[in-house]
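A.B. asks: Enclosed is the structure file protein.cif (mmCIF, C-alpha atoms).
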data_structure
#
loop_
_atom_site.group_PDB
_atom_site.id
_atom_site.type_symbol
_atom_site.label_atom_id
_atom_site.label_comp_id
_atom_site.auth_asym_id
_atom_site.auth_seq_id
_atom_site.Cartn_x
_atom_site.Cartn_y
_atom_site.Cartn_z
ATOM 1 C CA MET N 11 21.121 -26.714 -3.976
ATOM 2 C CA GLU N 12 18.800 -26.903 -0.957
ATOM 3 C CA LEU N 13 19.500 -24.376 1.806
ATOM 4 C CA LYS N 14 19.989 -25.832 5.237
ATOM 5 C CA LYS N 15 17.465 -24.657 7.844
ATOM 6 C CA VAL N 16 19.025 -22.519 10.552
ATOM 7 C CA MET N 17 18.032 -23.513 14.077
ATOM 8 C CA ARG N 18 17.524 -20.422 16.202
ATOM 9 C CA SER N 19 17.250 -20.010 19.946
ATOM 10 C CA VAL N 20 14.751 -17.800 21.765
ATOM 11 C CA GLU N 21 14.934 -16.128 25.172
ATOM 12 C CA ILE N 22 12.338 -14.075 26.999
ATOM 13 C CA LEU N 23 13.890 -10.975 28.594
ATOM 14 C CA LEU N 24 11.764 -10.209 31.636
ATOM 15 C CA SER N 25 12.106 -7.198 33.940
ATOM 16 C CA CYS N 26 10.679 -7.181 37.463
ATOM 17 C CA MET N 27 11.250 -5.661 40.909
ATOM 18 C CA ASN N 28 11.598 -7.041 44.419
ATOM 19 C CA GLU N 29 10.601 -10.615 43.595
ATOM 20 C CA GLU N 30 11.317 -12.669 46.714
ATOM 21 C CA ASP N 31 10.950 -16.119 45.152
ATOM 22 C CA TYR N 32 10.763 -17.754 41.724
ATOM 23 C CA SER N 33 6.952 -17.934 41.524
ATOM 24 C CA ILE N 34 6.894 -15.494 38.603
ATOM 25 C CA ILE N 35 8.238 -18.343 36.422
ATOM 26 C CA SER N 36 5.120 -20.485 36.804
ATOM 27 C CA GLY N 37 2.850 -17.445 37.194
ATOM 28 C CA SER N 38 3.951 -16.165 33.778
ATOM 29 C CA ASN N 39 3.732 -19.660 32.248
ATOM 30 C CA ILE N 40 7.381 -19.484 31.174
ATOM 31 C CA LYS N 41 8.256 -22.543 29.091
ATOM 32 C CA THR N 42 11.206 -21.216 27.131
ATOM 33 C CA ASN N 43 14.684 -20.016 28.008
ATOM 34 C CA THR N 44 14.484 -16.737 29.904
ATOM 35 C CA VAL N 45 16.646 -14.003 31.390
ATOM 36 C CA ILE N 46 14.982 -12.366 34.399
ATOM 37 C CA ILE N 47 16.359 -9.112 35.777
ATOM 38 C CA ASN N 48 14.999 -8.624 39.290
ATOM 39 C CA GLN N 49 15.817 -5.148 40.592
ATOM 40 C CA CYS N 50 16.136 -5.553 44.352
ATOM 41 C CA SER N 51 18.543 -4.990 47.253
ATOM 42 C CA GLU N 52 21.277 -7.465 46.222
ATOM 43 C CA ASN N 53 23.498 -8.432 43.304
ATOM 44 C CA SER N 54 23.546 -12.135 42.464
ATOM 45 C CA MET N 55 22.951 -14.618 39.653
ATOM 46 C CA ASN N 56 21.409 -18.078 39.559
ATOM 47 C CA GLN N 57 20.334 -20.479 36.818
ATOM 48 C CA ILE N 58 17.136 -22.469 37.334
ATOM 49 C CA ASN N 59 16.301 -25.477 35.184
ATOM 50 C CA ILE N 60 12.675 -25.716 34.102
ATOM 51 C CA ASN N 61 10.621 -28.084 31.915
ATOM 52 C CA ASN N 62 12.002 -29.714 28.777
ATOM 53 C CA ASN N 63 15.667 -28.811 29.348
ATOM 54 C CA LYS N 64 14.929 -25.090 29.419
ATOM 55 C CA TYR N 65 16.454 -22.613 31.863
ATOM 56 C CA VAL N 66 15.851 -19.290 33.569
ATOM 57 C CA LYS N 67 18.903 -17.128 34.159
ATOM 58 C CA TRP N 68 17.873 -15.140 37.258
ATOM 59 C CA ILE N 69 19.851 -11.943 37.881
ATOM 60 C CA ASN N 70 19.276 -9.849 40.994
ATOM 61 C CA SER N 71 20.506 -6.274 40.586
ATOM 62 C CA THR N 72 20.637 -3.156 42.731
ATOM 63 C CA GLU N 73 20.519 -0.983 39.593
ATOM 64 C CA ARG N 74 17.291 0.938 39.091
ATOM 65 C CA GLY N 75 15.411 1.889 35.932
ATOM 66 C CA LEU N 76 13.427 -0.174 33.440
ATOM 67 C CA SER N 77 15.674 0.699 30.489
ATOM 68 C CA LYS N 78 18.765 -0.307 32.475
ATOM 69 C CA SER N 79 17.040 -3.588 33.277
ATOM 70 C CA ARG N 80 16.231 -4.235 29.605
ATOM 71 C CA ASN N 81 19.792 -3.389 28.516
ATOM 72 C CA MET N 82 21.195 -5.696 31.193
ATOM 73 C CA ALA N 83 18.939 -8.507 29.947
ATOM 74 C CA ILE N 84 20.115 -8.014 26.344
ATOM 75 C CA HIS N 85 23.745 -8.022 27.514
ATOM 76 C CA ASN N 86 23.205 -11.261 29.497
ATOM 77 C CA SER N 87 21.242 -13.015 26.768
ATOM 78 C CA CYS N 88 22.865 -15.620 24.540
ATOM 79 C CA ALA N 89 19.859 -16.227 22.269
ATOM 80 C CA ASP N 90 19.432 -15.469 18.591
ATOM 81 C CA ILE N 91 15.956 -13.992 19.150
ATOM 82 C CA CYS N 92 14.686 -12.117 22.204
ATOM 83 C CA LEU N 93 11.180 -11.239 23.422
ATOM 84 C CA ILE N 94 10.776 -8.237 25.748
ATOM 85 C CA ALA N 95 8.494 -8.879 28.740
ATOM 86 C CA ASP N 96 7.218 -7.330 31.955
ATOM 87 C CA ASN N 97 6.299 -9.031 35.217
ATOM 88 C CA ASP N 98 2.563 -9.202 34.467
ATOM 89 C CA GLU N 99 2.701 -11.291 31.281
ATOM 90 C CA LYS N 100 1.258 -14.787 30.814
ATOM 91 C CA PHE N 101 2.753 -16.534 27.810
ATOM 92 C CA ASP N 102 0.984 -18.957 25.499
ATOM 93 C CA ASP N 103 2.312 -22.528 25.662
ATOM 94 C CA ASP N 104 3.461 -22.282 22.035
ATOM 95 C CA CYS N 105 4.922 -18.770 22.280
ATOM 96 C CA GLU N 106 8.428 -19.920 21.291
ATOM 97 C CA GLN N 107 7.168 -21.886 18.268
ATOM 98 C CA LYS N 108 5.187 -18.873 17.009
ATOM 99 C CA ILE N 109 8.258 -16.643 17.259
ATOM 100 C CA LEU N 110 10.504 -19.156 15.478
ATOM 101 C CA LYS N 111 7.978 -19.668 12.676
ATOM 102 C CA ALA N 112 7.609 -15.920 12.111
ATOM 103 C CA TYR N 113 11.376 -15.464 11.772
ATOM 104 C CA GLU N 114 11.584 -18.495 9.501
ATOM 105 C CA ASP N 115 8.838 -17.027 7.284
ATOM 106 C CA LEU N 116 10.468 -13.555 7.339
ATOM 107 C CA PRO N 117 14.216 -14.268 7.219
ATOM 108 C CA ASP N 118 15.105 -10.612 6.525
ATOM 109 C CA ALA N 119 13.305 -9.404 9.687
ATOM 110 C CA ASP N 120 15.437 -7.788 12.362
ATOM 111 C CA ILE N 121 12.429 -7.062 14.576
ATOM 112 C CA ILE N 122 8.958 -8.583 14.620
ATOM 113 C CA ILE N 123 6.119 -6.921 16.511
ATOM 114 C CA PHE N 124 3.409 -9.342 17.642
ATOM 115 C CA ASP N 125 -0.073 -8.837 19.124
ATOM 116 C CA LEU N 126 -1.397 -9.473 22.638
ATOM 117 C CA HIS N 127 -4.542 -11.269 23.811
ATOM 118 C CA ASN N 128 -5.464 -8.642 26.389
ATOM 119 C CA LYS N 129 -4.775 -5.490 24.377
ATOM 120 C CA PRO N 130 -6.271 -4.573 21.007
ATOM 121 C CA THR N 131 -3.593 -3.757 18.469
ATOM 122 C CA LYS N 132 -3.370 -0.359 16.825
ATOM 123 C CA LEU N 133 -1.517 -1.866 13.869
ATOM 124 C CA LYS N 134 -3.069 -3.275 10.703
ATOM 125 C CA PRO N 135 -4.228 -6.911 11.034
ATOM 126 C CA LYS N 136 -1.729 -8.237 8.482
ATOM 127 C CA ILE N 137 1.963 -8.969 7.958
ATOM 128 C CA TYR N 138 3.607 -5.738 6.826
ATOM 129 C CA LEU N 139 6.388 -3.209 7.447
ATOM 130 C CA PRO N 140 4.881 -0.484 9.670
ATOM 131 C CA LYS N 141 5.751 3.146 8.981
ATOM 132 C CA ARG N 142 7.916 5.176 11.354
ATOM 133 C CA LEU N 143 5.052 6.850 13.248
ATOM 134 C CA GLU N 144 3.395 3.473 13.806
ATOM 135 C CA MET N 145 6.293 2.646 16.154
ATOM 136 C CA LEU N 146 4.521 4.924 18.656
ATOM 137 C CA ARG N 147 1.578 2.471 18.763
ATOM 138 C CA VAL N 148 3.599 -0.456 20.112
ATOM 139 C CA CYS N 149 4.097 -1.550 23.720
ATOM 140 C CA SER N 150 7.274 -3.257 24.915
ATOM 141 C CA CYS N 151 5.874 -6.780 25.331
ATOM 142 C CA GLN N 152 4.987 -6.906 21.614
ATOM 143 C CA ILE N 153 8.646 -6.597 20.589
ATOM 144 C CA THR N 154 10.922 -9.431 19.506
ATOM 145 C CA PHE N 155 14.287 -8.920 17.832
ATOM 146 C CA LYS N 156 17.349 -10.649 16.471
ATOM 147 C CA ARG N 157 19.873 -9.970 19.198
ATOM 148 C CA ALA N 158 22.763 -9.675 16.709
ATOM 149 C CA SER N 159 20.933 -6.885 14.836
ATOM 150 C CA ILE N 160 20.638 -4.887 18.061
ATOM 151 C CA ILE N 161 24.217 -5.543 19.226
ATOM 152 C CA ASP N 162 25.807 -4.963 15.801
ATOM 153 C CA ASN N 163 24.028 -1.604 15.453
ATOM 154 C CA LYS N 164 24.894 -0.567 19.054
ATOM 155 C CA LEU N 165 21.223 -0.046 19.885
ATOM 156 C CA ILE N 166 20.068 0.180 23.504
ATOM 157 C CA PHE N 167 17.047 1.292 25.491
ATOM 158 C CA ASP N 168 17.446 4.970 26.420
ATOM 159 C CA VAL N 169 18.271 5.016 30.150
ATOM 160 C CA LYS N 170 16.788 8.520 30.456
ATOM 161 C CA LEU N 171 13.319 7.076 29.700
ATOM 162 C CA GLY N 172 11.081 4.474 31.328
ATOM 163 C CA ALA N 173 9.947 3.559 34.806
ATOM 164 C CA GLY N 174 12.344 4.630 37.528
ATOM 165 C CA THR N 175 13.710 7.672 35.675
ATOM 166 C CA GLY N 176 11.071 10.256 36.556
ATOM 167 C CA ASN N 177 10.819 11.080 32.837
ATOM 168 C CA GLY N 178 7.830 8.891 32.021
ATOM 169 C CA ALA N 179 7.516 5.885 29.768
ATOM 170 C CA GLY N 180 8.043 5.485 26.026
ATOM 171 C CA GLU N 181 11.447 3.796 26.140
ATOM 172 C CA GLU N 182 10.177 1.029 23.849
ATOM 173 C CA ASN N 183 8.948 3.561 21.273
ATOM 174 C CA LYS N 184 12.276 5.418 21.297
ATOM 175 C CA PHE N 185 14.040 2.046 20.930
ATOM 176 C CA LEU N 186 11.901 1.137 17.894
ATOM 177 C CA LEU N 187 12.390 4.596 16.339
ATOM 178 C CA ASP N 188 16.166 4.256 16.783
ATOM 179 C CA CYS N 189 16.007 0.804 15.136
ATOM 180 C CA TYR N 190 13.859 2.174 12.303
ATOM 181 C CA ASP N 191 16.252 5.083 11.736
ATOM 182 C CA LYS N 192 19.195 2.634 11.556
ATOM 183 C CA GLY N 193 17.405 0.863 8.705
ATOM 184 C CA LEU N 194 16.462 -2.320 10.542
ATOM 185 C CA LYS N 195 13.614 -4.336 8.986
ATOM 186 C CA ILE N 196 10.652 -4.135 11.358
ATOM 187 C CA TYR N 197 7.617 -6.300 10.619
ATOM 188 C CA HIS N 198 4.226 -6.655 12.262
ATOM 189 C CA VAL N 199 2.837 -10.194 12.470
ATOM 190 C CA PRO N 200 -0.781 -10.423 13.725
ATOM 191 C CA GLU N 201 -0.093 -13.449 15.930
ATOM 192 C CA ARG N 202 -0.636 -13.429 19.692
ATOM 193 C CA LEU N 203 2.093 -14.677 22.048
ATOM 194 C CA GLN N 204 0.572 -13.790 25.405
#
Using the file provided, produce a representation of the structure as structure tokens.
C.D. replies:
Amino acid sequence: MELKKVMRSVEILLSCMNEEDYSIISGSNIKTNTVIINQCSENSMNQININNNKYVKWINSTERGLSKSRNMAIHNSCADICLIADNDEKFDDDCEQKILKAYEDLPDADIIIFDLHNKPTKLKPKIYLPKRLEMLRVCSCQITFKRASIIDNKLIFDVKLGAGTGNGAGEENKFLLDCYDKGLKIYHVPERLQ
């Protein structure tokens, strides 16, 4: 019997601060569904339609802290697969297709770490399961994950870490270590998304 292909959805989860207009959408070359958390002086939500029937869910929030922003984005996402992003990313046109193909090729993956154009990777240039300590070599915008794996395991970004806390960065590394310790399958795929 032939297995039916599962169609998955992807959303970029982008954190930013004090954006006064929607120019970050074109500036980041966003062409896939996206949740943007804009930490600013008001609380509001808007949905913006973009090319090819895609949308950006724009959430303004008075909450502060990068980890809080990331957790809010996960909570407001409705996608199968999420990509963590910051406000200075520029995504490849085929970013979504690369993510979908990687998860199709690695159906047991809960998390896939990708590479970046502008930053040399510290991971091996091959598809493999990195060891625990290698999680410390990853930056946030390399991380994609199956949202259900994160929700089902009650995993969140540590709100005591990251920009806005006064405790320094490293929230993405703690997040990956927590995922690793829960037994999630974390792969590295040497493909660039941005």
A.B. asks: Between N:Asn97, N:Asn86, N:Gln107, N:Ser54, which one has atoms that come closest to Met27 of chain N, using only C-alpha atoms?
C.D. replies: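 Answer, going by the shortest atom-to-atom distance: N:Asn97.
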A.B. asks: Enumerate, as a ChimeraX atom specification, the residues matched when the PyMOL selection byres ((chain N and resi 182) around 8) is run on the file above.
C.D. replies: /N:148-150,167,180-181,183-186
A.B. asks: Once you count all atoms listed in the file, which residues end up no further than 10 Å from (21.4, -14.3, 37.5) in the file's frame, shown as a list of chain:residue names?
C.D. replies: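 Collected hits near the coordinates: N:Val45, N:Ile46, N:Ile47, N:Asn48, N:Asn53, N:Ser54, N:Met55, N:Asn56, N:Gln57, N:Ile58, N:Val66, N:Lys67, N:Trp68, N:Ile69, N:Asn70, N:Ser71, N:Ala83, N:Asn86.
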A.B. asks: If we count only C-alpha atoms, what is near Asn28 of chain N at a cut-off of 8 Å, once residues fewer than 4 positions away on the same chain are taken out, given as a list of chain:residue names?
C.D. replies: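 In the requested form, the answer reads N:Asn48, N:Gln49, N:Cys50, N:Ser51.
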A.B. asks: Run the PyMOL selection byres ((chain N and resi 23) around 8) on the file and write out the hits as JSON, numbers by chain.
C.D. replies: {"N": [21, 22, 24, 25, 44, 45, 46, 47, 80, 83, 84, 87, 92, 93, 94, 95]}
A.B. asks: Which residues come within 9 Å of Thr42 of chain N, counting only C-alpha atoms, excluding same-chain residues fewer than 3 positions away, as a ChimeraX atom specification?
C.D. replies: /N:20-22,60-62,64-66,105-106
A.B. asks: Take atom CA of Met145 of chain N and atom CA of Lys192 of chain N and report the distance between them in Å, one decimal.
C.D. replies: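 Taking atom CA of Met145 of chain N as the start and atom CA of Lys192 of chain N as the end point, the length is 13.7 Å.
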A.B. asks: Leaving out segment 133-143 of chain N and any residue of its chain fewer than 6 positions from it, which residues lie within 12 Å of it when counting only C-alpha atoms, given as a PyMOL selection string?
C.D. replies: chain N and resi 112+115-116+118-126+149+152+183-202
A.B. asks: From the options N:Glu30, N:Asp162, N:Glu52, N:Asp168, which residue's atoms come nearest to Thr72 of chain N, counting only C-alpha atoms?
C.D. replies: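 The shortest atom-to-atom distance to Thr72 of chain N comes from N:Glu52.
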A.B. asks: Kindly provide, as AutoDock Vina command-line options, the centre and edge lengths (Å, one decimal) of an axis-aligned box around all atoms of segment 152-168 of chain N given in the file, with 8 Å on each side.
C.D. replies:
--center_x 15.4 --center_y -2.8 --center_z 20.6 --size_x 36.8 --size_y 31.6 --size_z 27.6
A.B. asks: Please, what distance in Å, to one decimal, runs between atom CA of Glu114 of chain N and atom CA of Ser19 of chain N?
C.D. replies: 12.0 Å
A.B. asks: Work out how far apart atom CA of Ser36 of chain N and atom CA of Ile91 of chain N are and give it in Å to one decimal.
C.D. replies: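 One can read the atom CA of Ser36 of chain N to atom CA of Ile91 of chain N distance as 21.7 Å.
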A.B. asks: Please list, as a list of chain:residue names, the residues that have an atom at most 10 Å away from (5.3, -17.0, 34.4) in the coordinates of this file, counting only C-alpha atoms.
C.D. replies: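 Residues satisfying the cut-off, written out: N:Leu24, N:Tyr32, N:Ser33, N:Ile34, N:Ile35, N:Ser36, N:Gly37, N:Ser38, N:Asn39, N:Ile40, N:Lys41, N:Asn97, N:Asp98, N:Glu99, N:Lys100, N:Phe101.
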A.B. asks: Would you pick out the contacts of Asp90 of chain N at 6 Å or less, using only C-alpha atoms, so that residues sharing its chain but fewer than 2 positions from it are not included, and give the list as a list in words?
C.D. replies: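 Listed by chain and then number, they are Arg18, Ser19, Lys156 and Arg157 of chain N.
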